[in-house]
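For reference, the structure is listed below as structure tokens.
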Amino acid sequence: MAMIRLIRDRGWKSSGIARQEWPWLFGAIAFGGILGPLLLMVGLSHTSASTASLFLNLESVLTAALAWLVFKESTDRRIVLGMALIVLGGAVLAWPSGETIASGIGPLALAGACLAWAIDNNLTRKVSASDALFIAGSKGLVAGCVNTVLGLALGASWPALPMLSSALLIGFFGYGLSLVLFVLALRELGTARTGAYFSTAPFVGATIAIAVFGEATSMAFWMAMGLMSVGVWLHLTERHAHEHTHVELFHGHAHRHDEHHLHVHDFEWDGVEPHSHAHKHAKIKHEHAHFPDVHHPHSHS
């Protein structure tokens, strides 16, 4: 991530994170990058893989619950129903096909990991207007170093070079690139909706296994496909529009001069868009279709 940024920016570029937002990022790293993986390893060592897959679907549920109940993100019955269908589809796909045995600590640790990642998702939402590459890179760097040190301290050894190379490649796509796209989705869609779309990952993985590796389909797969398809359709066809008020807001992110960005510049601007700098949003009241993105955190009466 650091090398990509160096090539892209030809040097170092400000993260765009305001001073008061740094605690949100530190909290996200602590919960999602350190505590979550640690609890996951504990859970996997006491639980079968199929049971673990089922429990990991809790992340999207807890993410949405925290977004709605604690962080007061707006929602409606259509989104709740879509979320329920997507999660139900993931549960059907991951449901154990045979008898599984798990000790009490395993499921508890997995549930704790999902809660840690749900907290991480909601805290990352607070800084999602900033540079997504910086957020993903800093989370990966800190979490990777801490977890590597923990692994070595517990007796683990460095893997062989071929395995290490494969792990780094998988990590780049499965964690690095994925996290950058996740942060961008948090910025534009809000936490609950992003978590719902993210929970379709088991279905996507199963589809790839069938299309690429020729694995046989099952009734569970087609049931999951139907449930998730309806859930995603409910989300994609959502139209949330009403009169709302934007309070004064000061932050920085890449933007174009639209109805939400009518500010003037205190520096010489070359007219290129999108461009990024710290800017202030004046109080405005209007009506249009919108998501609970970084510019629409308002509550509903």
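In the structure tokens, chains take letters A, B, ... by order of appearance, with residues numbered from 1 within each chain and ligands from 1 in the order shown.
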DSSP on the backbone, strand (DSSP E) only: what residues of range 17-256 of chain A does that give? Format it as a list in words.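 Going through range 17-256 of chain A, the strand (DSSP E) residues come out as Ala241, His242, Glu243, His244, Thr245, His246, Leu249, Phe250, His251, Gly252, His253, Ala254 and His255 of chain A.
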Considering only C-alpha atoms, return as a list of chain:residue names whatever protein or nucleic-acid residues lie within 6 Å of range 19-35 of chain A, sequence-local ones (same chain, fewer than 3 positions apart) excluded.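 My reading of the contact set: A:Leu38, A:Ala116, A:Trp117, A:Asp120, A:Leu123, A:Thr124, A:Lys139, A:Ala143.
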From A:His265, A:Gly104, A:Val149, A:Leu236, residue lying nearest Thr47 in chain A [only C-alpha atoms]: A:Gly104
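Using only C-alpha atoms, the shortest contact distance between Ala282 in chain A and any of A:Gly252, A:Leu262, A:Ala65, A:Phe182 is found at A:Leu262.
If you measure from each of A:Gly144, A:Pro202, A:Gly112, A:Gly271 to Leu58 in chain A using only C-alpha atoms, the closest one turns out to be A:Gly112.
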In terms of the shortest atom-to-atom distance over only C-alpha atoms, which of A:Ile79, A:Val127, A:Ala109, A:Leu179 is closest to Gly140 in chain A? A:Leu179
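By chain and then residue number, the residues within 10 Å of Leu56 in chain A are Leu40, Gly90, Ala91, Ala94, Pro107, Leu110, Ala111, Ala113, Cys114, Leu115 and Ser199 of chain A, counting only C-alpha atoms and disregarding those fewer than 6 positions away in sequence.
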List every residue of range 8-188 of chain A that DSSP, applied to the backbone of this structure, places in alpha helix (DSSP H), and write the result as a PyMOL selection string. chain A and resi 8-9+22-28+36-45+49-55+58-69+77-94+105-125+132-153+161-171+178-188
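The two atoms in question, CA of Ala224 in chain A and CA of Ala84 in chain A, are spaced 12.1 Å apart.
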Pick out the closest residue to Glu73 in chain A from this set: A:Val212, A:Leu161, A:Val87, A:Ala192. Count only C-alpha atoms.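 Closest residue, counting only C-alpha atoms: A:Ala192.
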